[in-house]
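Okay, run-v5.csv now, which holds CSV, C-alpha atoms:
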```
chain,number,residue,atom,x,y,z
A,1,LEU,CA,-79.1,-63.6,-148.7
A,2,ILE,CA,-75.5,-64.7,-148.3
A,3,ALA,CA,-73.5,-65.6,-145.2
A,4,ALA,CA,-71.1,-63.1,-143.6
A,5,ALA,CA,-67.5,-63.1,-144.9
A,6,ARG,CA,-65.3,-65.5,-143.0
A,7,PRO,CA,-62.2,-64.2,-141.3
A,8,GLY,CA,-58.9,-65.4,-142.6
A,9,GLY,CA,-58.3,-67.9,-139.9
A,10,THR,CA,-61.6,-69.6,-140.6
A,11,ARG,CA,-60.8,-69.7,-144.3
A,12,ARG,CA,-57.5,-71.4,-143.6
A,13,VAL,CA,-59.1,-74.0,-141.4
A,14,ASP,CA,-61.8,-74.6,-144.1
A,15,THR,CA,-59.1,-74.8,-146.7
A,16,ILE,CA,-57.2,-77.5,-144.9
A,17,ALA,CA,-60.4,-79.5,-144.4
A,18,LYS,CA,-61.0,-79.3,-148.2
A,19,LEU,CA,-57.5,-80.5,-148.9
A,20,GLU,CA,-58.0,-83.4,-146.5
A,21,ALA,CA,-61.5,-84.3,-147.8
A,22,THR,CA,-61.9,-87.9,-148.9
A,23,HIS,CA,-63.2,-89.1,-152.3
A,24,ALA,CA,-63.2,-85.5,-153.7
A,25,ASP,CA,-62.0,-84.1,-157.0
A,26,VAL,CA,-60.0,-81.0,-158.1
A,27,TRP,CA,-60.1,-79.2,-161.4
A,28,VAL,CA,-56.5,-79.2,-162.7
A,29,ALA,CA,-55.4,-76.5,-165.1
A,30,THR,CA,-52.1,-76.7,-167.0
A,31,ALA,CA,-50.7,-75.1,-170.1
A,32,SER,CA,-48.7,-76.5,-173.0
A,33,GLY,CA,-45.5,-75.0,-174.1
A,34,ALA,CA,-47.4,-73.7,-177.2
A,35,GLY,CA,-49.8,-71.9,-174.8
A,36,ALA,CA,-52.9,-74.2,-175.0
A,37,ALA,CA,-54.9,-74.5,-171.8
A,38,HIS,CA,-55.8,-78.0,-170.5
A,39,LEU,CA,-58.3,-78.8,-167.8
A,40,ILE,CA,-59.3,-82.0,-166.2
A,41,PRO,CA,-61.0,-83.1,-162.9
A,42,LEU,CA,-58.9,-85.5,-160.9
A,43,SER,CA,-59.0,-87.3,-157.5
A,44,TYR,CA,-56.4,-86.0,-155.0
A,45,ALA,CA,-54.8,-86.5,-151.7
A,46,TRP,CA,-53.0,-84.2,-149.3
A,47,ASP,CA,-49.9,-85.3,-147.4
A,48,GLY,CA,-49.9,-82.3,-145.0
A,49,GLU,CA,-47.7,-80.1,-147.3
A,50,ARG,CA,-48.4,-81.2,-150.9
A,51,VAL,CA,-51.4,-82.0,-153.1
A,52,VAL,CA,-50.9,-85.5,-154.6
A,53,LEU,CA,-52.3,-86.2,-158.0
A,54,ALA,CA,-52.2,-89.5,-160.0
A,55,LEU,CA,-52.1,-89.4,-163.8
A,56,PRO,CA,-51.4,-91.6,-166.8
A,57,ALA,CA,-47.7,-91.2,-167.8
A,58,ASP,CA,-48.8,-90.3,-171.3
A,59,SER,CA,-51.5,-87.7,-170.4
A,60,PRO,CA,-51.6,-84.1,-171.7
A,61,THR,CA,-51.4,-82.9,-168.1
A,62,ILE,CA,-48.1,-84.8,-167.4
A,63,ARG,CA,-46.7,-83.4,-170.7
A,64,ASN,CA,-47.6,-79.9,-169.6
A,65,LEU,CA,-46.2,-80.3,-166.1
A,66,ARG,CA,-42.9,-81.6,-167.4
A,67,SER,CA,-42.7,-78.6,-169.6
A,68,SER,CA,-43.7,-75.9,-167.1
A,69,ALA,CA,-43.9,-77.4,-163.6
A,70,GLN,CA,-46.7,-75.0,-162.8
A,71,VAL,CA,-50.3,-75.9,-162.1
A,72,ARG,CA,-53.5,-74.1,-161.0
A,73,LEU,CA,-55.9,-76.2,-158.9
A,74,GLY,CA,-59.5,-75.3,-158.4
A,75,PHE,CA,-61.3,-77.0,-155.5
A,76,GLY,CA,-65.0,-76.5,-155.6
A,77,PRO,CA,-67.9,-76.2,-155.7
A,78,THR,CA,-67.8,-72.9,-157.5
A,79,ARG,CA,-69.5,-71.0,-154.6
A,80,ASP,CA,-66.9,-72.4,-152.1
A,81,VAL,CA,-63.6,-72.1,-154.0
A,82,VAL,CA,-60.1,-72.9,-152.9
A,83,MET,CA,-57.7,-71.9,-155.7
A,84,VAL,CA,-54.1,-73.1,-155.4
A,85,ASP,CA,-51.2,-72.0,-157.6
A,86,GLY,CA,-48.6,-74.7,-157.1
A,87,SER,CA,-45.3,-75.9,-158.4
A,88,VAL,CA,-44.5,-79.5,-159.2
A,89,GLU,CA,-42.0,-80.7,-156.5
A,90,GLN,CA,-41.7,-84.3,-157.4
A,91,ILE,CA,-43.0,-86.9,-159.9
A,92,LEU,CA,-42.9,-90.5,-158.7
A,93,GLU,CA,-43.7,-93.8,-160.5
A,94,VAL,CA,-46.7,-95.6,-159.2
A,95,GLY,CA,-45.5,-98.9,-157.9
A,96,SER,CA,-41.9,-97.6,-157.1
A,97,ALA,CA,-40.5,-98.1,-153.6
A,98,ALA,CA,-40.0,-94.3,-153.3
A,99,ALA,CA,-43.7,-93.8,-153.7
A,100,ALA,CA,-44.8,-96.4,-151.1
A,101,ASP,CA,-45.9,-93.9,-148.4
A,102,ILE,CA,-47.6,-91.6,-150.9
A,103,ALA,CA,-49.4,-94.6,-152.5
A,104,GLU,CA,-50.9,-95.6,-149.1
A,105,ARG,CA,-52.0,-92.1,-148.4
A,106,TYR,CA,-53.5,-91.6,-151.9
A,107,ALA,CA,-55.4,-94.9,-151.7
A,108,CYS,CA,-56.9,-94.0,-148.4
A,109,GLN,CA,-58.0,-90.4,-149.3
A,110,ALA,CA,-58.9,-90.7,-153.0
A,111,ASP,CA,-61.6,-93.1,-154.2
A,112,TRP,CA,-59.3,-95.3,-156.3
A,113,ASP,CA,-55.8,-96.8,-156.2
A,114,PRO,CA,-53.7,-96.4,-159.3
A,115,ARG,CA,-51.5,-99.3,-158.2
A,116,GLU,CA,-54.4,-101.5,-159.3
A,117,SER,CA,-54.7,-99.9,-162.7
A,118,ALA,CA,-53.4,-101.2,-166.0
A,119,GLY,CA,-50.9,-98.9,-167.7
A,120,ALA,CA,-48.2,-96.6,-166.4
A,121,TYR,CA,-49.3,-94.0,-163.8
A,122,LEU,CA,-47.4,-91.3,-162.0
A,123,TYR,CA,-47.9,-89.5,-158.7
A,124,VAL,CA,-47.4,-85.7,-159.0
A,125,LEU,CA,-46.6,-83.8,-155.8
A,126,VAL,CA,-47.7,-80.2,-156.0
A,127,ARG,CA,-46.5,-77.7,-153.4
A,128,PRO,CA,-48.9,-74.7,-153.0
A,129,GLN,CA,-47.2,-71.4,-153.5
A,130,ARG,CA,-50.4,-69.2,-153.5
A,131,ILE,CA,-53.8,-70.1,-152.0
A,132,GLN,CA,-57.0,-68.1,-152.3
A,133,ALA,CA,-60.3,-69.0,-150.8
A,134,TRP,CA,-63.8,-67.5,-151.3
A,135,ARG,CA,-67.4,-68.4,-151.3
A,136,GLU,CA,-69.5,-65.4,-152.6
A,137,SER,CA,-68.5,-62.0,-153.9
A,138,ASN,CA,-68.4,-60.6,-150.4
A,139,GLU,CA,-65.4,-62.8,-149.8
A,140,LEU,CA,-63.3,-61.6,-152.7
A,141,ALA,CA,-61.6,-59.2,-150.3
A,142,GLY,CA,-59.4,-61.1,-148.0
A,143,ARG,CA,-59.2,-64.2,-150.3
A,144,LEU,CA,-55.4,-64.4,-150.3
A,145,LEU,CA,-54.4,-67.0,-147.6
A,146,MET,CA,-50.9,-68.0,-148.8
A,147,ARG,CA,-48.2,-66.1,-150.7
A,148,ASP,CA,-44.8,-67.5,-151.8
A,149,GLY,CA,-45.5,-70.7,-150.0
A,150,GLU,CA,-46.2,-69.0,-146.6
A,151,TRP,CA,-49.6,-68.7,-144.9
A,152,VAL,CA,-50.5,-65.0,-144.5
A,153,VAL,CA,-53.5,-65.6,-142.2
B,1,LEU,CA,-72.7,-98.8,-157.6
B,2,ILE,CA,-72.8,-96.4,-160.5
B,3,ALA,CA,-75.4,-95.8,-163.1
B,4,ALA,CA,-75.3,-97.4,-166.6
B,5,ALA,CA,-73.4,-95.4,-169.2
B,6,ARG,CA,-75.7,-93.0,-171.0
B,7,PRO,CA,-75.9,-93.3,-174.8
B,8,GLY,CA,-74.6,-90.4,-176.9
B,9,GLY,CA,-78.0,-88.9,-177.6
B,10,THR,CA,-78.8,-88.7,-173.9
B,11,ARG,CA,-75.5,-87.1,-173.2
B,12,ARG,CA,-76.1,-84.5,-175.9
B,13,VAL,CA,-79.5,-83.6,-174.3
B,14,ASP,CA,-78.0,-83.5,-170.9
B,15,THR,CA,-75.2,-81.2,-172.2
B,16,ILE,CA,-77.6,-78.7,-173.7
B,17,ALA,CA,-79.5,-78.7,-170.4
B,18,LYS,CA,-76.3,-77.9,-168.6
B,19,LEU,CA,-75.5,-75.1,-171.0
B,20,GLU,CA,-79.0,-73.6,-170.5
B,21,ALA,CA,-78.9,-73.9,-166.7
B,22,THR,CA,-79.6,-70.8,-164.8
B,23,HIS,CA,-77.4,-69.3,-162.1
B,24,ALA,CA,-74.7,-71.9,-162.7
B,25,ASP,CA,-70.9,-71.5,-163.0
B,26,VAL,CA,-68.2,-72.8,-165.2
B,27,TRP,CA,-64.5,-73.4,-164.6
B,28,VAL,CA,-62.7,-71.3,-167.3
B,29,ALA,CA,-59.1,-72.4,-168.1
B,30,THR,CA,-56.8,-70.2,-170.3
B,31,ALA,CA,-53.1,-70.0,-170.9
B,32,SER,CA,-50.8,-67.0,-171.1
B,33,GLY,CA,-48.5,-66.5,-174.0
B,34,ALA,CA,-45.7,-67.5,-171.6
B,35,GLY,CA,-47.4,-70.8,-170.9
B,36,ALA,CA,-48.9,-70.2,-167.5
B,37,ALA,CA,-52.3,-71.7,-166.8
B,38,HIS,CA,-55.1,-69.6,-165.4
B,39,LEU,CA,-58.4,-70.9,-164.0
B,40,ILE,CA,-61.4,-69.1,-162.6
B,41,PRO,CA,-65.1,-70.0,-162.0
B,42,LEU,CA,-67.5,-67.7,-163.8
B,43,SER,CA,-71.2,-67.3,-164.4
B,44,TYR,CA,-72.3,-68.0,-167.9
B,45,ALA,CA,-75.1,-68.0,-170.4
B,46,TRP,CA,-75.8,-69.9,-173.6
B,47,ASP,CA,-77.3,-68.2,-176.7
B,48,GLY,CA,-78.0,-71.5,-178.5
B,49,GLU,CA,-74.7,-71.6,-180.2
B,50,ARG,CA,-72.1,-69.9,-178.0
B,51,VAL,CA,-71.2,-69.8,-174.3
B,52,VAL,CA,-71.3,-66.2,-173.1
B,53,LEU,CA,-68.9,-65.1,-170.3
B,54,ALA,CA,-68.6,-61.7,-168.7
B,55,LEU,CA,-65.2,-60.5,-167.5
B,56,PRO,CA,-63.4,-57.4,-166.3
B,57,ALA,CA,-61.6,-55.9,-169.3
B,58,ASP,CA,-58.3,-55.9,-167.3
B,59,SER,CA,-58.6,-59.5,-166.1
B,60,PRO,CA,-55.9,-62.2,-166.7
B,61,THR,CA,-58.5,-64.3,-168.6
B,62,ILE,CA,-59.2,-61.5,-171.0
B,63,ARG,CA,-55.4,-61.0,-171.5
B,64,ASN,CA,-55.0,-64.7,-172.2
B,65,LEU,CA,-58.0,-64.9,-174.6
B,66,ARG,CA,-56.7,-61.9,-176.6
B,67,SER,CA,-53.4,-63.7,-176.9
B,68,SER,CA,-54.6,-67.2,-177.8
B,69,ALA,CA,-58.4,-67.1,-178.5
B,70,GLN,CA,-58.6,-70.6,-177.1
B,71,VAL,CA,-60.4,-71.6,-173.9
B,72,ARG,CA,-61.3,-74.9,-172.1
B,73,LEU,CA,-64.5,-74.8,-170.1
B,74,GLY,CA,-65.3,-77.4,-167.4
B,75,PHE,CA,-68.9,-77.6,-166.4
B,76,GLY,CA,-69.4,-79.6,-163.2
B,77,PRO,CA,-69.8,-81.1,-160.8
B,78,THR,CA,-66.7,-83.3,-161.2
B,79,ARG,CA,-68.8,-86.5,-161.4
B,80,ASP,CA,-71.1,-85.0,-164.1
B,81,VAL,CA,-68.6,-83.2,-166.4
B,82,VAL,CA,-69.2,-81.4,-169.7
B,83,MET,CA,-65.8,-80.3,-171.1
B,84,VAL,CA,-65.8,-77.8,-173.9
B,85,ASP,CA,-62.8,-76.7,-176.0
B,86,GLY,CA,-63.8,-73.5,-177.6
B,87,SER,CA,-62.6,-70.6,-179.7
B,88,VAL,CA,-63.3,-66.9,-178.9
B,89,GLU,CA,-65.7,-65.8,-181.7
B,90,GLN,CA,-66.4,-62.3,-180.5
B,91,ILE,CA,-65.6,-59.9,-177.6
B,92,LEU,CA,-68.2,-57.1,-177.0
B,93,GLU,CA,-68.2,-54.2,-174.6
B,94,VAL,CA,-70.8,-54.4,-171.9
B,95,GLY,CA,-73.1,-51.5,-172.4
B,96,SER,CA,-72.5,-51.2,-176.2
B,97,ALA,CA,-75.5,-51.3,-178.6
B,98,ALA,CA,-74.0,-54.4,-180.3
B,99,ALA,CA,-74.2,-56.3,-177.1
B,100,ALA,CA,-77.8,-55.5,-176.2
B,101,ASP,CA,-79.3,-58.9,-177.0
B,102,ILE,CA,-76.5,-60.8,-175.4
B,103,ALA,CA,-76.8,-58.6,-172.3
B,104,GLU,CA,-80.5,-59.4,-171.9
B,105,ARG,CA,-79.8,-63.1,-172.3
B,106,TYR,CA,-76.9,-63.0,-169.9
B,107,ALA,CA,-78.8,-61.1,-167.3
B,108,CYS,CA,-81.7,-63.7,-167.4
B,109,GLN,CA,-79.5,-66.8,-167.2
B,110,ALA,CA,-76.6,-65.8,-165.0
B,111,ASP,CA,-77.1,-64.6,-161.5
B,112,TRP,CA,-75.8,-61.1,-162.0
B,113,ASP,CA,-75.8,-58.3,-164.6
B,114,PRO,CA,-72.5,-56.8,-165.5
B,115,ARG,CA,-74.3,-53.7,-166.8
B,116,GLU,CA,-74.9,-52.8,-163.2
B,117,SER,CA,-71.2,-53.2,-162.2
B,118,ALA,CA,-68.7,-50.5,-161.8
B,119,GLY,CA,-65.7,-50.8,-164.1
B,120,ALA,CA,-65.3,-51.9,-167.7
B,121,TYR,CA,-66.6,-55.4,-168.4
B,122,LEU,CA,-66.6,-57.4,-171.6
B,123,TYR,CA,-68.8,-60.2,-172.9
B,124,VAL,CA,-66.8,-63.1,-174.5
B,125,LEU,CA,-68.6,-65.3,-177.0
B,126,VAL,CA,-67.1,-68.8,-177.1
B,127,ARG,CA,-68.0,-71.2,-179.9
B,128,PRO,CA,-67.6,-74.9,-178.9
B,129,GLN,CA,-65.3,-76.8,-181.2
B,130,ARG,CA,-65.0,-80.0,-179.1
B,131,ILE,CA,-67.4,-81.3,-176.4
B,132,GLN,CA,-66.9,-84.2,-174.1
B,133,ALA,CA,-69.3,-85.4,-171.4
B,134,TRP,CA,-69.0,-88.1,-168.8
B,135,ARG,CA,-70.1,-88.9,-165.3
B,136,GLU,CA,-68.1,-91.9,-163.9
B,137,SER,CA,-65.3,-93.9,-165.4
B,138,ASN,CA,-67.7,-96.2,-167.2
B,139,GLU,CA,-68.6,-93.2,-169.4
B,140,LEU,CA,-65.1,-92.4,-170.5
B,141,ALA,CA,-65.8,-94.4,-173.6
B,142,GLY,CA,-68.2,-92.5,-175.8
B,143,ARG,CA,-67.5,-89.1,-174.2
B,144,LEU,CA,-66.8,-87.3,-177.5
B,145,LEU,CA,-70.0,-85.5,-178.5
B,146,MET,CA,-68.7,-82.7,-180.8
B,147,ARG,CA,-65.6,-82.5,-183.0
B,148,ASP,CA,-64.5,-79.6,-185.1
B,149,GLY,CA,-67.7,-77.7,-184.2
B,150,GLU,CA,-70.1,-80.5,-185.3
B,151,TRP,CA,-72.1,-82.9,-183.1
B,152,VAL,CA,-71.1,-86.5,-183.7
B,153,VAL,CA,-74.0,-88.0,-181.7
```
So, in terms of structure tokens, how does the structure I just supplied come out?
Amino acid sequence: LIAAARPGGTRRVDTIAKLEATHADVWVATASGAGAAHLIPLSYAWDGERVVLALPADSPTIRNLRSSAQVRLGFGPTRDVVMVDGSVEQILEVGSAAAADIAERYACQADWDPRESAGAYLYVLVRPQRIQAWRESNELAGRLLMRDGEWVV
Amino acid sequence: LIAAARPGGTRRVDTIAKLEATHADVWVATASGAGAAHLIPLSYAWDGERVVLALPADSPTIRNLRSSAQVRLGFGPTRDVVMVDGSVEQILEVGSAAAADIAERYACQADWDPRESAGAYLYVLVRPQRIQAWRESNELAGRLLMRDGEWVV
């Protein structure tokens, strides 16, 4: 027995709630210039328009994002998915003055603060271009919520 | 408060249990020849040596796997991760005689049977080359369980 399919408006509300969730993680998929897929779960924050990630400056994900500027984010669990195709809008050094507001928001929403970590970290600001949301197979129809950066529900 | 880091042997046992879990999903990351990352949650089975996926023949993941034959599989949840880098060993048509044993196993472990679906589906057999497993940050050390297809714990 599965629940009735949610209408688009409900899915949009549920999607925002997931983006605003505290102490949660997202599966981050990127590709290298050579066409190798990378995947890693990461903490995240949401600044109202962009997903904020924090990564070691020398990580494979940063290398991939500098090469392609495209990322696919899978918010789970797998039976309550929000899938975001996004573009990298900005990369900021953790500890820089330009990142001060982002750093506060990230520290509040995520469950750690990269400003307290050893080593060089970067914030990556990802702007959603396409968002899909579904729970079970009865929600595959109507799963497109945003296209070309604009909500369609 | 987080649990003590598991030793390698325990992580290996827990990893096998996750691969054998029924009605579970895995995050499947692939890359296109043009370097675009794709990510999708899928049901799976484990035949003792290979992860079995089932996909529509015309899906982006199949296109990517035919192009690169490499895949990264993230078994969750995000605080109990098994990460598998694997190579595509075989692709079999659902409904073919060659896939009969795989089909039975898949139907038992996954929560659906692609033989009952409309449309052309394929089984993809992924052989793990590299496996990492960790729960919290205290398990990042010692997370490598398999390298070049061989268990190292």
Task: Shell of 12 Å around Ile62 (chain B), only C-alpha atoms, local chain residues under 3 positions omitted, as a PyMOL selection string - done: chain B and resi 28-32+38-40+53-59+65-71+88+90-92+120-125
TODO: Can you check which residues of chain A have any atom within 12 Å of chain B? Use only C-alpha atoms and format it as a VMD selection string.
DONE: chain A and resid 23 to 43 61 64 to 65 67 to 87 111 to 112 132 to 137
Open item on the list: Nearest residue to Ala17 (chain A) out of A:Gly48, A:Gly95, A:Gly119, A:Pro60, using only C-alpha atoms?
Closed with: A:Gly48
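Relative to CA of Trp151 (chain A), CA of Pro7 (chain A) is found at 13.9 Å.
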Open item on the list: Applying 12 Å and all atoms listed in the file, which residues near Gly9 (chain B) remain after dropping the ones on its own chain fewer than 3 positions away? List them as a list in words.
Closed with: Ala5, Arg6, Arg12, Val13, Asp14, Thr15, Ile16, Ala133, Gly142, Arg143, Leu144, Leu145, Met146, Trp151, Val152 and Val153 of chain B
Any chance you can output those residues with C-alpha atoms as a PDB file, in the coordinates of the input?
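And here's out_30.pdb as it stands now:
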```
ATOM      1  CA  ALA B   5     -73.400 -95.400-169.200  1.00  0.00           C
ATOM      2  CA  ARG B   6     -75.700 -93.000-171.000  1.00  0.00           C
ATOM      3  CA  ARG B  12     -76.100 -84.500-175.900  1.00  0.00           C
ATOM      4  CA  VAL B  13     -79.500 -83.600-174.300  1.00  0.00           C
ATOM      5  CA  ASP B  14     -78.000 -83.500-170.900  1.00  0.00           C
ATOM      6  CA  THR B  15     -75.200 -81.200-172.200  1.00  0.00           C
ATOM      7  CA  ILE B  16     -77.600 -78.700-173.700  1.00  0.00           C
ATOM      8  CA  ALA B 133     -69.300 -85.400-171.400  1.00  0.00           C
ATOM      9  CA  GLY B 142     -68.200 -92.500-175.800  1.00  0.00           C
ATOM     10  CA  ARG B 143     -67.500 -89.100-174.200  1.00  0.00           C
ATOM     11  CA  LEU B 144     -66.800 -87.300-177.500  1.00  0.00           C
ATOM     12  CA  LEU B 145     -70.000 -85.500-178.500  1.00  0.00           C
ATOM     13  CA  MET B 146     -68.700 -82.700-180.800  1.00  0.00           C
ATOM     14  CA  TRP B 151     -72.100 -82.900-183.100  1.00  0.00           C
ATOM     15  CA  VAL B 152     -71.100 -86.500-183.700  1.00  0.00           C
ATOM     16  CA  VAL B 153     -74.000 -88.000-181.700  1.00  0.00           C
TER      17      VAL B 153
END
```
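Considering the residues B:Ala99, B:Ala110, B:Arg105, B:Glu89 and counting all atoms listed in the file, Thr22 (chain B) has its shortest atom-to-atom contact with B:Ala110.
Distance-wise, CA of Val51 (chain A) and CA of Ile102 (chain A) end up 10.6 Å apart.
Take CA of Val94 (chain A) and CA of Arg50 (chain A): the distance between them is 16.7 Å.
Distance annotation: of A:Ala97, A:Val52, A:Ala141, A:Ala103, the residue with the minimal separation from Val126 (chain A) is A:Val52; atom set is all atoms listed in the file.
You can rank B:Arg63, B:Pro114, B:Glu150, B:Asp47 by their closest distance to Asp101 (chain B) using all atoms listed in the file, and at the top of that list sits B:Asp47.
When only C-alpha atoms are used to measure the gap to Gln129 (chain A), the shortest distance among A:Glu49, A:Leu19, A:Glu104, A:Ser96 belongs to A:Glu49.
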Can you take the partial region 42-51 of chain A, add all heavy atoms, and return it as an mmCIF file, keeping the file's coordinate frame?
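So the final result, stored in out-v2.cif, reads:
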```cif
data_model
loop_
_atom_site.group_PDB
_atom_site.id
_atom_site.type_symbol
_atom_site.label_atom_id
_atom_site.label_comp_id
_atom_site.auth_asym_id
_atom_site.auth_seq_id
_atom_site.Cartn_x
_atom_site.Cartn_y
_atom_site.Cartn_z
ATOM 1 N N LEU A 42 -59.691 -84.359 -161.334
ATOM 2 C CA LEU A 42 -58.900 -85.500 -160.900
ATOM 3 C C LEU A 42 -59.164 -85.739 -159.371
ATOM 4 O O LEU A 42 -59.365 -84.785 -158.618
ATOM 5 C CB LEU A 42 -57.420 -85.283 -161.058
ATOM 6 C CG LEU A 42 -56.870 -85.240 -162.475
ATOM 7 C CD1 LEU A 42 -55.383 -84.873 -162.421
ATOM 8 C CD2 LEU A 42 -57.053 -86.579 -163.173
ATOM 9 N N SER A 43 -59.074 -86.993 -158.950
ATOM 10 C CA SER A 43 -59.000 -87.300 -157.500
ATOM 11 C C SER A 43 -57.698 -86.729 -156.963
ATOM 12 O O SER A 43 -56.752 -86.459 -157.708
ATOM 13 C CB SER A 43 -58.986 -88.819 -157.317
ATOM 14 O OG SER A 43 -60.148 -89.402 -157.848
ATOM 15 N N TYR A 44 -57.644 -86.563 -155.636
ATOM 16 C CA TYR A 44 -56.400 -86.000 -155.000
ATOM 17 C C TYR A 44 -56.286 -86.515 -153.608
ATOM 18 O O TYR A 44 -57.245 -87.007 -152.997
ATOM 19 C CB TYR A 44 -56.398 -84.502 -155.082
ATOM 20 C CG TYR A 44 -57.464 -83.846 -154.217
ATOM 21 C CD1 TYR A 44 -57.227 -83.532 -152.870
ATOM 22 C CD2 TYR A 44 -58.711 -83.550 -154.737
ATOM 23 C CE1 TYR A 44 -58.201 -82.941 -152.075
ATOM 24 C CE2 TYR A 44 -59.700 -82.972 -153.954
ATOM 25 C CZ TYR A 44 -59.437 -82.656 -152.636
ATOM 26 O OH TYR A 44 -60.416 -82.083 -151.857
ATOM 27 N N ALA A 45 -55.060 -86.349 -153.086
ATOM 28 C CA ALA A 45 -54.800 -86.500 -151.700
ATOM 29 C C ALA A 45 -53.942 -85.370 -151.186
ATOM 30 O O ALA A 45 -53.469 -84.556 -151.993
ATOM 31 C CB ALA A 45 -54.085 -87.865 -151.427
ATOM 32 N N TRP A 46 -53.776 -85.273 -149.870
ATOM 33 C CA TRP A 46 -53.000 -84.200 -149.300
ATOM 34 C C TRP A 46 -52.096 -84.838 -148.222
ATOM 35 O O TRP A 46 -52.587 -85.574 -147.351
ATOM 36 C CB TRP A 46 -53.959 -83.186 -148.606
ATOM 37 C CG TRP A 46 -53.368 -82.092 -147.771
ATOM 38 C CD1 TRP A 46 -53.518 -81.927 -146.423
ATOM 39 C CD2 TRP A 46 -52.588 -80.972 -148.214
ATOM 40 N NE1 TRP A 46 -52.867 -80.784 -146.001
ATOM 41 C CE2 TRP A 46 -52.287 -80.189 -147.075
ATOM 42 C CE3 TRP A 46 -52.097 -80.584 -149.463
ATOM 43 C CZ2 TRP A 46 -51.523 -79.021 -147.149
ATOM 44 C CZ3 TRP A 46 -51.338 -79.419 -149.545
ATOM 45 C CH2 TRP A 46 -51.059 -78.657 -148.404
ATOM 46 N N ASP A 47 -50.784 -84.603 -148.335
ATOM 47 C CA ASP A 47 -49.900 -85.300 -147.400
ATOM 48 C C ASP A 47 -49.453 -84.355 -146.266
ATOM 49 O O ASP A 47 -48.506 -84.662 -145.545
ATOM 50 C CB ASP A 47 -48.646 -85.825 -148.167
ATOM 51 C CG ASP A 47 -47.624 -84.758 -148.511
ATOM 52 O OD1 ASP A 47 -47.932 -83.551 -148.359
ATOM 53 O OD2 ASP A 47 -46.512 -85.115 -148.921
ATOM 54 N N GLY A 48 -50.190 -83.248 -146.099
ATOM 55 C CA GLY A 48 -49.900 -82.300 -145.000
ATOM 56 C C GLY A 48 -49.138 -81.085 -145.553
ATOM 57 O O GLY A 48 -49.187 -80.005 -144.956
ATOM 58 N N GLU A 49 -48.459 -81.269 -146.705
ATOM 59 C CA GLU A 49 -47.700 -80.100 -147.300
ATOM 60 C C GLU A 49 -47.956 -80.025 -148.807
ATOM 61 O O GLU A 49 -47.754 -78.965 -149.384
ATOM 62 C CB GLU A 49 -46.212 -80.324 -147.078
ATOM 63 C CG GLU A 49 -45.800 -80.222 -145.624
ATOM 64 C CD GLU A 49 -44.297 -80.058 -145.497
ATOM 65 O OE1 GLU A 49 -43.590 -80.223 -146.503
ATOM 66 O OE2 GLU A 49 -43.847 -79.757 -144.371
ATOM 67 N N ARG A 50 -48.335 -81.152 -149.418
ATOM 68 C CA ARG A 50 -48.400 -81.200 -150.900
ATOM 69 C C ARG A 50 -49.705 -81.863 -151.332
ATOM 70 O O ARG A 50 -50.154 -82.826 -150.700
ATOM 71 C CB ARG A 50 -47.207 -81.896 -151.455
ATOM 72 C CG ARG A 50 -45.911 -81.203 -151.074
ATOM 73 C CD ARG A 50 -44.720 -82.068 -151.325
ATOM 74 N NE ARG A 50 -44.762 -83.332 -150.587
ATOM 75 C CZ ARG A 50 -43.779 -84.229 -150.597
ATOM 76 N NH1 ARG A 50 -42.675 -83.979 -151.296
ATOM 77 N NH2 ARG A 50 -43.887 -85.357 -149.925
ATOM 78 N N VAL A 51 -50.256 -81.376 -152.434
ATOM 79 C CA VAL A 51 -51.400 -82.000 -153.100
ATOM 80 C C VAL A 51 -50.804 -83.173 -153.940
ATOM 81 O O VAL A 51 -49.850 -82.961 -154.693
ATOM 82 C CB VAL A 51 -52.186 -81.066 -153.962
ATOM 83 C CG1 VAL A 51 -53.326 -81.791 -154.669
ATOM 84 C CG2 VAL A 51 -52.712 -79.904 -153.117
#
```
